file entry-v9.txt (compact mmCIF, C-alpha atoms)
# COMPACT_ATOMS: atom_id res chain seq x y z
CA MET A 138 -1.72 -2.85 -2.25
CA ALA A 139 0.36 0.34 -2.20
CA GLY A 140 -1.57 1.64 -5.22
CA MET A 141 -4.93 1.05 -3.47
CA GLU A 142 -3.74 2.89 -0.39
CA GLU A 143 -2.53 5.83 -2.51
CA GLN A 144 -5.87 5.97 -4.35
CA ARG A 145 -7.71 6.03 -1.03
CA THR A 146 -5.46 8.84 0.17
CA ARG A 147 -6.12 10.95 -2.90
CA ARG A 148 -9.81 10.16 -2.93
CA TRP A 149 -10.31 10.99 0.72
CA GLY A 150 -8.32 14.18 0.60
CA GLY A 151 -11.35 16.48 0.97
CA PRO A 152 -14.71 16.81 2.67
CA PRO A 153 -17.67 14.61 1.76
CA TRP A 154 -19.67 17.48 0.23
CA ALA A 155 -16.75 18.21 -2.18
CA GLY A 156 -16.59 14.63 -3.38
CA GLY A 157 -13.20 14.12 -1.78
CA GLY A 158 -13.84 12.51 1.59
CA PRO A 159 -15.18 9.32 3.08
CA PRO A 160 -18.66 9.27 4.54
CA TRP A 161 -17.22 8.41 7.93
CA GLY A 162 -14.12 9.20 9.98
CA ARG A 163 -12.49 12.51 10.65
CA TRP A 164 -12.33 15.28 8.08
CA GLN A 165 -9.15 15.10 6.01
CA GLY A 166 -9.10 18.73 4.87
CA PRO A 167 -10.53 20.52 1.82
CA SER A 168 -9.67 19.25 -1.63
CA TRP A 169 -7.28 22.08 -2.46
CA TRP A 170 -5.11 21.04 0.46
CA ASN A 171 -3.88 18.16 -1.70
CA ARG A 172 -2.07 20.58 -3.99
CA ARG A 173 1.35 19.31 -2.94
CA ASP A 174 0.43 15.75 -3.90
CA GLU A 175 -0.76 16.92 -7.32
CA GLU A 176 2.51 18.80 -7.91
CA GLU A 177 4.53 15.74 -6.91
CA GLU A 178 2.68 13.70 -9.54
CA GLY A 179 3.55 16.23 -12.24
CA GLY A 180 0.16 18.01 -12.18
CA ARG A 181 -0.85 21.56 -11.39
CA PRO A 182 -3.32 22.77 -8.76
CA ARG A 183 -6.84 23.26 -9.99
CA TRP A 184 -8.17 26.74 -10.60
CA PRO A 185 -10.39 27.72 -7.61
CA TRP A 186 -12.80 29.56 -9.84
CA ARG A 187 -16.00 28.65 -7.98
CA SER A 188 -14.88 30.09 -4.65
CA THR A 189 -13.31 33.08 -6.40
CA LEU A 190 -16.53 33.82 -8.29
CA LEU A 191 -18.65 33.57 -5.15
CA LEU A 192 -16.31 35.84 -3.19
CA THR A 193 -16.17 38.38 -6.04
CA VAL A 194 -19.96 38.61 -6.12
CA PHE A 195 -20.09 38.88 -2.33
CA VAL A 196 -17.47 41.67 -2.30
CA LEU A 197 -19.22 43.70 -5.02
CA VAL A 198 -22.72 43.31 -3.56
CA GLY A 199 -21.57 43.71 0.04
CA SER A 200 -19.66 46.88 -0.77
CA ASN A 201 -22.86 48.43 -2.19
CA PHE A 202 -24.67 47.76 1.10
CA ALA A 203 -21.67 49.11 3.04
CA ALA A 204 -21.72 52.31 0.96
CA GLU A 205 -25.38 52.89 1.83
CA GLN A 206 -24.54 52.63 5.53
CA GLN A 207 -21.56 55.02 5.30
CA PRO A 208 -22.80 58.16 3.49
CA ASP A 209 -19.89 60.23 4.90
CA ARG A 210 -17.37 58.16 2.89
CA GLU A 211 -16.66 58.50 -0.83
CA GLN A 212 -19.29 56.83 -2.95
CA LEU A 213 -18.40 53.90 -5.14
CA ASP A 214 -17.30 54.89 -8.65
CA VAL A 215 -15.61 53.13 -11.54
CA LEU A 216 -12.20 53.11 -9.82
CA ALA A 217 -13.70 51.63 -6.65
CA ARG A 218 -15.42 48.86 -8.56
CA VAL A 219 -12.25 48.10 -10.53
CA LEU A 220 -10.33 47.81 -7.24
CA LEU A 221 -13.03 45.59 -5.73
CA PHE A 222 -13.19 43.33 -8.77
CA GLY A 223 -9.42 43.24 -9.27
CA GLY A 224 -8.64 42.37 -5.65
CA ALA A 225 -11.17 39.53 -5.67
CA ALA A 226 -10.14 38.27 -9.13
CA LEU A 227 -6.51 37.98 -8.00
CA LEU A 228 -7.59 35.13 -5.72
CA LEU A 229 -7.94 32.91 -8.77
CA TRP A 230 -4.11 32.58 -8.70
CA ARG A 231 -3.76 32.21 -4.93
CA GLN A 232 -2.71 28.53 -5.09
CA ARG A 233 -0.19 28.98 -7.90
CA TYR A 234 1.34 32.33 -6.94
CA PRO A 235 0.51 32.91 -3.26
CA VAL A 236 3.17 35.59 -2.68
CA ALA A 237 2.12 37.76 -5.63
CA VAL A 238 -1.56 37.39 -4.73
CA VAL A 239 -1.18 38.32 -1.06
CA PHE A 240 0.79 41.49 -1.93
CA GLY A 241 -1.59 42.30 -4.78
CA THR A 242 -4.73 42.06 -2.64
CA ALA A 243 -3.06 44.07 0.13
CA ALA A 244 -2.11 46.77 -2.40
CA THR A 245 -5.66 47.03 -3.82
CA ALA A 246 -7.09 47.26 -0.28
CA LEU A 247 -4.59 50.02 0.59
CA VAL A 248 -5.53 52.06 -2.49
CA TYR A 249 -9.23 51.46 -1.80
CA PHE A 250 -9.14 52.66 1.81
CA SER A 251 -6.72 55.50 1.06
CA ALA A 252 -9.14 56.79 -1.59
CA GLY A 253 -11.78 57.17 1.12
CA TYR A 254 -14.16 54.50 -0.12
CA PRO A 255 -16.48 52.78 2.41
CA TYR A 256 -15.13 50.10 4.70
CA GLY A 257 -16.47 46.74 3.59
CA PRO A 258 -15.81 43.15 2.58
CA ILE A 259 -12.75 43.96 0.43
CA PHE A 260 -10.67 43.05 3.46
CA LEU A 261 -11.87 39.44 3.04
CA THR A 262 -9.76 39.18 -0.13
CA VAL A 263 -6.66 40.04 1.91
CA ALA A 264 -7.64 37.56 4.62
CA LEU A 265 -8.10 34.69 2.14
CA ALA A 266 -4.88 35.53 0.30
CA CYS A 267 -3.02 35.60 3.61
CA PHE A 268 -4.51 32.25 4.59
CA SER A 269 -3.47 30.65 1.27
CA ALA A 270 0.07 32.05 1.51
CA ILE A 271 0.63 30.75 5.05
CA VAL A 272 -0.79 27.33 4.25
CA ALA A 273 1.48 27.20 1.19
CA GLY A 274 4.48 27.90 3.43
CA ARG A 275 4.96 31.58 2.42
CA ARG A 276 4.59 32.88 5.96
CA TRP A 277 6.93 35.86 5.55
CA ALA A 278 4.84 37.21 2.66
CA ALA A 279 1.58 36.99 4.61
CA TRP A 280 3.00 38.57 7.74
CA THR A 281 4.69 41.34 5.72
CA ALA A 282 1.56 42.11 3.70
CA LEU A 283 -0.71 42.32 6.75
CA GLY A 284 1.87 44.29 8.74
CA THR A 285 2.27 46.78 5.89
CA LEU A 286 -1.50 47.12 5.54
CA TRP A 287 -1.92 47.89 9.23
CA VAL A 288 0.97 50.40 9.31
CA VAL A 289 -0.31 52.28 6.26
CA HIS A 290 -3.85 52.29 7.68
CA LEU A 291 -2.39 53.73 10.90
CA LEU A 292 -0.59 56.49 8.98
CA VAL A 293 -3.70 57.34 6.95
CA GLY A 294 -5.98 57.38 9.98
CA HIS A 295 -3.69 59.56 12.16
CA TRP A 296 -1.66 61.70 9.77
CA LEU A 297 -2.38 61.47 6.04
CA TYR A 298 -6.16 61.81 6.47
CA ARG A 299 -5.77 65.62 6.22
CA TRP A 300 -4.81 65.40 2.54
CA LEU A 301 -6.83 62.37 1.50
CA PRO A 302 -10.56 62.03 0.77
CA PRO A 303 -13.16 62.30 2.08
CA LYS A 304 -12.91 65.92 3.18
CA GLY A 305 -13.55 66.52 6.82
CA ASP A 306 -12.72 62.96 7.79
CA PRO A 307 -11.78 62.96 11.51
CA VAL A 308 -8.76 61.23 13.02
CA SER A 309 -9.22 57.53 13.67
CA SER A 310 -9.63 56.32 17.22
CA TRP A 311 -7.02 54.08 18.80
CA GLY A 312 -9.77 51.66 19.74
CA GLU A 313 -10.48 51.18 16.05
CA GLU A 314 -6.78 50.57 15.36
CA VAL A 315 -6.57 48.01 18.16
CA ALA A 316 -9.65 46.23 16.82
CA ILE A 317 -8.16 46.06 13.31
CA ALA A 318 -4.86 44.78 14.72
CA ALA A 319 -6.71 42.11 16.72
CA TRP A 320 -8.60 41.09 13.60
CA MET A 321 -5.34 40.70 11.68
CA VAL A 322 -3.75 38.68 14.49
CA ALA A 323 -6.79 36.39 14.50
CA ILE A 324 -6.40 35.83 10.74
CA LEU A 325 -2.72 35.00 11.20
CA ALA A 326 -3.46 32.66 14.12
CA VAL A 327 -6.13 30.74 12.22
CA SER A 328 -3.87 30.50 9.18
CA GLU A 329 -0.92 29.23 11.23
CA LEU A 330 -3.15 26.64 12.88
CA ALA A 331 -4.37 25.50 9.48
CA ARG A 332 -0.75 25.27 8.26
CA VAL A 333 0.22 23.07 11.21
CA ARG A 334 -2.77 20.81 10.66
CA ARG A 335 -2.01 20.50 6.97
CA GLU A 336 1.60 19.55 7.66
CA GLN A 337 0.35 16.93 10.10
CA TRP A 338 -2.05 15.55 7.48
CA ASP A 339 0.77 15.49 4.93
CA ARG A 340 2.93 13.52 7.37
CA ASP A 341 0.07 11.12 8.05
CA ARG A 342 -0.46 10.53 4.34
CA ALA A 343 3.26 9.97 3.83
CA GLU A 344 3.34 7.49 6.72
CA ARG A 345 0.35 5.63 5.30
CA ARG A 346 2.06 5.40 1.91
CA GLN A 347 5.27 4.17 3.52
CA ALA A 348 3.35 1.59 5.54
CA ALA A 349 1.55 0.40 2.41
CA ASN A 350 4.84 0.17 0.50
CA ARG A 351 6.41 -1.69 3.41
CA ARG A 352 3.55 -4.21 3.49
CA ALA A 353 3.84 -4.68 -0.27
CA ASP A 354 7.60 -5.25 0.02
CA GLU A 355 7.10 -7.79 2.81
CA GLU A 356 4.50 -9.61 0.72
CA ARG A 357 6.84 -9.70 -2.28
CA LEU A 358 9.64 -11.09 -0.10
CA ARG A 359 7.31 -13.74 1.31
CA ILE A 360 6.22 -14.83 -2.16
CA ALA A 361 9.84 -14.82 -3.36
CA ARG A 362 10.83 -17.09 -0.47
CA GLU A 363 7.97 -19.46 -1.19
CA LEU A 364 8.80 -19.70 -4.88
CA HIS A 365 12.50 -20.10 -4.18
CA ASP A 366 11.96 -22.90 -1.67
CA VAL A 367 9.51 -24.75 -3.90
CA LEU A 368 11.47 -24.43 -7.12
CA ALA A 369 14.96 -24.86 -5.67
CA HIS A 370 14.14 -28.17 -4.03
CA SER A 371 12.20 -29.66 -6.93
CA ILE A 372 14.57 -28.46 -9.63
CA SER A 373 17.55 -29.80 -7.69
CA VAL A 374 15.90 -33.22 -7.57
CA ILE A 375 15.08 -32.97 -11.28
CA ASN A 376 18.65 -31.91 -12.06
CA VAL A 377 20.18 -34.84 -10.21
CA GLN A 378 17.77 -37.39 -11.65
CA ALA A 379 18.19 -36.01 -15.16
CA GLY A 380 21.94 -36.56 -14.82
CA VAL A 381 21.37 -40.12 -13.59
CA GLY A 382 18.96 -40.83 -16.41
CA LEU A 383 21.34 -39.53 -19.05
CA ALA A 384 24.22 -41.55 -17.62
CA LEU A 385 22.24 -44.80 -17.47
CA LEU A 386 20.06 -44.37 -20.53
CA ASP A 387 22.07 -46.91 -22.60
CA SER A 388 23.62 -49.14 -19.91
CA ASP A 389 20.67 -49.47 -17.52
CA PRO A 390 17.38 -48.40 -19.14
CA GLU A 391 15.32 -49.60 -16.15
CA GLN A 392 17.22 -47.33 -13.74
CA ALA A 393 16.89 -44.49 -16.24
CA ARG A 394 13.12 -45.11 -16.28
CA THR A 395 13.08 -44.80 -12.46
CA ALA A 396 14.93 -41.49 -12.70
CA LEU A 397 12.43 -40.19 -15.24
CA THR A 398 9.56 -41.28 -12.98
CA THR A 399 11.12 -39.31 -10.12
CA ILE A 400 11.47 -36.26 -12.39
CA LYS A 401 7.80 -36.51 -13.33
CA ALA A 402 6.69 -36.72 -9.69
CA ALA A 403 8.94 -33.85 -8.58
CA SER A 404 7.86 -31.59 -11.43
CA LYS A 405 4.18 -32.33 -10.76
CA GLU A 406 4.55 -31.43 -7.10
CA ALA A 407 6.46 -28.26 -7.98
CA LEU A 408 3.76 -27.22 -10.43
CA GLY A 409 1.08 -27.78 -7.78
CA GLU A 410 2.84 -25.66 -5.16
CA VAL A 411 3.65 -22.89 -7.65
CA ARG A 412 0.02 -22.88 -8.77
CA GLN A 413 -1.03 -22.51 -5.13
CA VAL A 414 1.24 -19.46 -4.70
CA LEU A 415 -0.04 -17.91 -7.94
CA ASP A 416 -3.66 -18.52 -6.92
CA THR A 417 -2.96 -16.60 -3.73
CA LEU A 418 -1.60 -13.73 -5.81
CA ARG A 419 -4.60 -13.64 -8.13
CA THR A 420 -7.20 -13.84 -5.34
CA PRO A 421 -5.56 -12.43 -2.19
CA GLY A 422 -8.85 -12.42 -0.30
CA ASP A 423 -9.63 -16.11 -0.80
CA ALA A 424 -8.39 -18.93 1.38
CA PRO A 425 -5.73 -21.20 -0.14
CA ARG A 426 -7.13 -24.26 -1.91
CA ALA A 427 -4.52 -26.53 -0.30
CA PRO A 428 -3.12 -26.38 3.23
CA ALA A 429 0.37 -24.96 3.68
CA PRO A 430 3.04 -27.65 4.05
CA GLY A 431 4.30 -28.50 7.53
CA LEU A 432 6.30 -31.09 9.43
CA ASP A 433 3.56 -33.64 8.81
CA ARG A 434 4.94 -33.79 5.25
CA LEU A 435 8.47 -34.53 6.44
CA PRO A 436 8.25 -38.23 5.37
CA GLU A 437 7.25 -37.07 1.90
CA LEU A 438 10.27 -34.75 1.85
CA VAL A 439 12.56 -37.61 2.90
CA GLU A 440 11.13 -39.75 0.09
CA GLN A 441 11.81 -37.01 -2.45
CA ALA A 442 15.38 -36.70 -1.19
CA ALA A 443 15.80 -40.45 -1.54
CA GLY A 444 14.70 -40.11 -5.15
CA ALA A 445 17.60 -37.69 -5.62
CA GLY A 446 20.01 -40.26 -4.17
CA LEU A 447 20.15 -38.78 -0.65
CA THR A 448 19.54 -40.94 2.41
CA VAL A 449 17.97 -38.97 5.28
CA ASP A 450 17.72 -40.15 8.89
CA VAL A 451 15.07 -38.35 10.96
CA GLU A 452 15.14 -38.13 14.76
CA SER A 453 12.70 -36.44 17.09
CA GLY A 454 13.02 -35.23 20.66
CA GLY A 455 10.49 -33.94 23.14
CA GLU A 456 6.74 -34.31 23.05
CA ARG A 457 5.47 -33.84 19.53
CA ARG A 458 2.52 -31.45 19.25
CA THR A 459 0.63 -29.27 16.85
CA LEU A 460 2.64 -26.22 15.84
CA PRO A 461 1.40 -22.73 14.93
CA PRO A 462 0.91 -22.50 11.13
CA GLY A 463 3.70 -19.97 10.65
CA ALA A 464 6.25 -21.99 12.63
CA ASP A 465 5.15 -25.25 11.00
CA LEU A 466 5.61 -23.85 7.49
CA ALA A 467 8.96 -22.23 8.40
CA ALA A 468 10.26 -25.49 9.90
CA PHE A 469 9.31 -27.45 6.77
CA ARG A 470 10.91 -24.88 4.45
CA VAL A 471 14.14 -24.75 6.50
CA ILE A 472 14.53 -28.54 6.36
CA GLN A 473 13.61 -28.54 2.69
CA GLU A 474 16.20 -25.88 1.85
CA ALA A 475 18.88 -27.57 3.97
CA LEU A 476 18.35 -30.92 2.21
CA THR A 477 18.34 -29.14 -1.14
CA ASN A 478 21.74 -27.65 -0.30
CA VAL A 479 23.06 -31.11 0.59
CA VAL A 480 21.92 -32.40 -2.82
CA ARG A 481 23.49 -29.44 -4.59
CA HIS A 482 26.71 -28.78 -2.76
CA SER A 483 27.71 -31.78 -0.64
CA GLY A 484 29.69 -34.81 -1.70
CA SER A 485 27.89 -36.83 0.97
CA ARG A 486 24.80 -38.85 0.10
CA HIS A 487 23.70 -39.07 3.72
CA ALA A 488 22.04 -36.45 5.94
CA ARG A 489 20.57 -36.38 9.43
CA VAL A 490 17.59 -34.33 10.57
CA ARG A 491 16.72 -33.84 14.22
CA VAL A 492 13.58 -32.07 15.42
CA ASP A 493 13.38 -31.13 19.13
CA TYR A 494 10.07 -29.96 20.56
CA ALA A 495 10.19 -27.71 23.63
CA ARG A 496 7.46 -25.85 25.46
CA ASP A 497 7.98 -22.54 23.68
CA ALA A 498 10.48 -23.29 20.90
CA LEU A 499 11.34 -25.71 18.15
CA THR A 500 14.95 -26.68 17.38
CA LEU A 501 15.95 -28.05 13.98
CA ARG A 502 19.34 -29.53 13.20
CA ILE A 503 20.35 -30.76 9.76
CA ASP A 504 23.80 -32.36 9.32
CA ASP A 505 25.65 -33.86 6.41
CA ASP A 506 29.12 -35.44 6.34
CA GLY A 507 30.47 -33.43 3.40
CA PRO A 508 32.83 -32.60 1.87
CA ALA A 509 31.57 -29.62 -0.11
CA THR A 510 31.71 -29.83 -3.90
CA VAL A 511 32.26 -27.12 -6.47
CA GLU A 512 29.43 -28.41 -8.64
CA ASP A 513 26.53 -25.98 -9.05
CA ALA A 514 23.03 -27.31 -9.53
CA GLY A 515 21.67 -24.04 -10.83
CA GLY A 516 20.78 -22.40 -7.52
CA SER A 517 20.46 -18.68 -6.91
CA GLY A 518 22.56 -18.50 -3.74
CA ASN A 519 19.62 -17.15 -1.71
CA GLY A 520 18.91 -20.29 0.31
CA LEU A 521 20.57 -19.28 3.59
CA ALA A 522 19.25 -15.72 3.29
CA GLY A 523 15.71 -17.02 2.82
CA MET A 524 16.01 -19.34 5.83
CA ARG A 525 17.23 -16.47 8.01
CA GLU A 526 14.37 -14.26 6.85
CA ARG A 527 11.83 -16.96 7.76
CA ALA A 528 13.39 -17.46 11.19
CA ALA A 529 13.69 -13.72 11.84
CA ALA A 530 10.01 -13.22 10.98
CA LEU A 531 9.19 -15.53 13.92
CA GLY A 532 11.83 -14.03 16.21
CA GLY A 533 14.19 -16.99 15.76
CA THR A 534 17.71 -17.53 14.48
CA ILE A 535 19.57 -19.64 11.93
CA GLU A 536 23.20 -20.74 12.25
CA ALA A 537 24.90 -22.49 9.37
CA GLY A 538 28.50 -23.47 8.79
CA PRO A 539 31.09 -26.27 8.61
CA ARG A 540 31.50 -28.61 11.57
CA GLU A 541 34.85 -29.20 13.22
CA ASP A 542 34.80 -32.88 12.26
CA GLY A 543 33.88 -32.10 8.66
CA GLY A 544 30.52 -31.81 6.97
CA PHE A 545 28.03 -29.00 7.32
CA ARG A 546 25.37 -28.12 9.88
CA VAL A 547 22.25 -25.96 9.84
CA LEU A 548 20.83 -25.14 13.27
CA ALA A 549 17.50 -23.32 13.60
CA LEU A 550 15.71 -22.02 16.70
CA LEU A 551 12.07 -21.12 16.07
CA PRO A 552 9.98 -19.62 18.92
CA LEU A 553 6.47 -20.96 19.25
CA LYS A 554 5.13 -17.97 21.21
CA ASN A 555 4.97 -14.24 20.59
CA SER A 556 8.00 -13.66 22.78
CA ARG A 557 11.19 -13.12 20.82
CA GLY A 558 13.41 -14.27 23.67
CA MET A 559 15.51 -17.36 23.15
CA SER A 560 16.08 -18.37 26.77
CA GLY A 561 13.21 -20.83 26.85
CA ALA A 562 14.23 -22.29 23.54
CA SER A 563 17.74 -23.03 24.66
CA ALA A 564 16.61 -24.50 27.94
CA GLY A 565 14.09 -26.85 26.39
CA THR A 566 16.22 -28.43 23.69
CA SER A 567 17.97 -31.69 24.24
CA GLU A 568 21.20 -30.49 22.65
CA LYS A 569 22.73 -27.04 23.03
CA PRO A 570 24.01 -25.08 20.01
CA GLU A 571 27.69 -25.37 19.40
CA GLU A 572 29.99 -22.39 19.38
CA SER A 573 29.55 -19.75 16.70
CA LEU A 574 29.75 -21.44 13.30
CA LYS A 575 31.62 -19.98 10.40
CA LEU A 576 29.08 -19.26 7.65
CA LYS A 577 29.43 -20.84 4.28
CA GLU A 578 27.45 -18.41 2.14
CA ASP A 579 27.87 -20.28 -1.14
CA ARG A 580 25.41 -22.82 0.19
call {"tool": "encode", "arguments": {"input": "entry-v9.txt", "output": "C-alpha cells"}}
result
Amino acid sequence: MAGMEEQRTRRWGGPPWAGGGPPWGRWQGPSWWNRRDEEEEGGRPRWPWRSTLLLTVFVLVGSNFAAEQQPDREQLDVLARVLLFGGAALLLWRQRYPVAVVFGTAATALVYFSAGYPYGPIFLTVALACFSAIVAGRRWAAWTALGTLWVVHLLVGHWLYRWLPPKGDPVSSWGEEVAIAAWMVAILAVSELARVRREQWDRDRAERRQAANRRADEERLRIARELHDVLAHSISVINVQAGVGLALLDSDPEQARTALTTIKAASKEALGEVRQVLDTLRTPGDAPRAPAPGLDRLPELVEQAAGAGLTVDVESGGERRTLPPGADLAAFRVIQEALTNVVRHSGSRHARVRVDYARDALTLRIDDDGPATVEDAGGSGNGLAGMRERAAALGGTIEAGPREDGGFRVLALLPLKNSRGMSGASAGTSEKPEESLKLKEDR
C-alpha cells in the first residue's frame, strides 16, 4: 500500500505534458521539482539539457535581433558570442550546483554589459539561475548575485561609462535604473513564491507517505491480531488434547481417540480461518469468502473449549440484538482469547462468560476460579495486548487482573456507536466494573 502511494507520488510529480502528472486534479509542479526525492533515493537530478538548449538558441538568436535594434551599442563579436553561449550553457548545471551557476551567469552578464554589447535576452540566464538557486534553498546566493549585478550596472551607467565602450555613451537615466531594479525584485518575488509552494508540496508528499505507512502498519497489526487469535486458541486446544492423548494412549485408547478427533477438528478450523486471512491478503479488493466470526458462534467456541477440558457457562443480559460487524468480531475474539488464557494458564477447568447488551455498548465479563499455573502452552504473551488494541480501535477498554476472592477476570466495554464516551456503556450494564484490577501481563 505504502509502495503504491509512493509510486503515485513520484509519477504525479510533474505536469501532464511532461509525462509526470495525472490527467486530472491540481498541478503538482514541474518534474525537476522532485529533485529532492531523487537525491533521497540515492539518485542524481537529471540534466536539464532540453530547456538549456532551447534557452541557448533563444539567447543567441534574440541577441542578434537586439543588436540590429541598437546600432549605437558595440556590435556582437566573438567575445560577445562566447559570453552569450557560456552564460546559457552554465544553466545545464543549475540543479546540481545552483550557487556556482547563479554567480557564473551574473558574472558573464556583467562582462557583457560592461563591454558595451546590446541589451538583450542574456539577462534571462541570470533570471533562471536565480530562480533555480532560490527554489533549491540557496536564497543568499541569488539575492547576492542580483544585488551585485544591479550595483555594478549602476556604477557603469553613472560613473564608469566614461572609460568603457561604446564611446559617447550617455549617462543612464534613473528611470531605467528603477525599472531594472523592479524587474529584479519581480524575479526574486516569483522565485520566493515558487520556493514556498515547493516546500508545501514537499510537506504534502511527506504527509501522504506517512499516512500510507500508517495505514500499512495498522493493516499489519490487524492481520497479526487475527492470526494470533486464531492460532493461539486452536493450538492451545491441540496442545491440551495432545497431552491427554499421549497420557491415555495405552490405558484408555478410546479416550485417546476422542482427543485425536478434537485435535483434527481444531486444526481444520484453524486452517480454514488462516486461509481466510491469507485470501484477504492476496486479494485485498475482494470480499471475504466466509463471514467474519461473531457472537453467533459463541456456542461453537464453548464446544471447542469443552473439547480442551474446560467447562464454560454462558449468561446473557439485556435485549440481544444484531451488533455492528467490527464490534461483533471484537467481542468474539476477546472471549476467544480469554478462554484460551484460561486453558493455558489457569488451574481451574471452569469458566463463566457473561454478555450484557445495552443501548450503545456491549459488556463482556469472563471469569475463572484459578489459581494460575506456571505451565506455558506455547503462547506469545500478546493476548492481553491484542485484546486492548481491538477494544481501543472501537473506543472501548479492557481490564484484566486477579479477583479478590481468587481466580482471574477479563472485563471489556465495547461501544456500539461512533461516540467514544463510556458513560452510556456503564449506565446500561447490569453489573458495574469493580475497582481498578491489577494486571497480570503473563496471561
call {"tool": "axis_aligned_box", "arguments": {"input": "entry-v9.txt", "around": "stretch 326-339 of chain A", "padding_each_side": "5 Å", "output": "lines of an AutoDock Vina configuration file"}}
result
center_x = -2.3
center_y = 24.1
center_z = 9.5
size_x = 17.7
size_y = 27.2
size_z = 19.2
call {"tool": "residues_around", "arguments": {"input": "entry-v9.txt", "residues": "stretch 288-295 of chain A", "least_positions_apart": "6", "cutoff": "8 Å", "atoms": "all atoms listed in the file", "output": "number ranges by chain"}}
result
A: 247, 250-251, 308-309, 314
call {"tool": "atom_distance", "arguments": {"input": "entry-v9.txt", "atom1": "atom CA of A:Phe222", "atom2": "atom CA of A:Gly253"}}
result
17.1 Å
call {"tool": "residues_around", "arguments": {"input": "entry-v9.txt", "residues": "A:Tyr234", "least_positions_apart": "6", "cutoff": "12 Å", "atoms": "all atoms listed in the file", "output": "PyMOL selection string"}}
result
chain A and resi 181-182+184+227-228+240-241+266-267+269-270+273-275+278
call {"tool": "atom_distance", "arguments": {"input": "entry-v9.txt", "atom1": "atom CA of A:Arg434", "atom2": "atom CA of A:Pro508"}}
result
28.1 Å
call {"tool": "closest_residue", "arguments": {"input": "entry-v9.txt", "among": "A:Val374, A:Asn350, A:Trp311, A:Ile271", "to": "A:Ala331", "atoms": "all atoms listed in the file"}}
result
A:Ile271
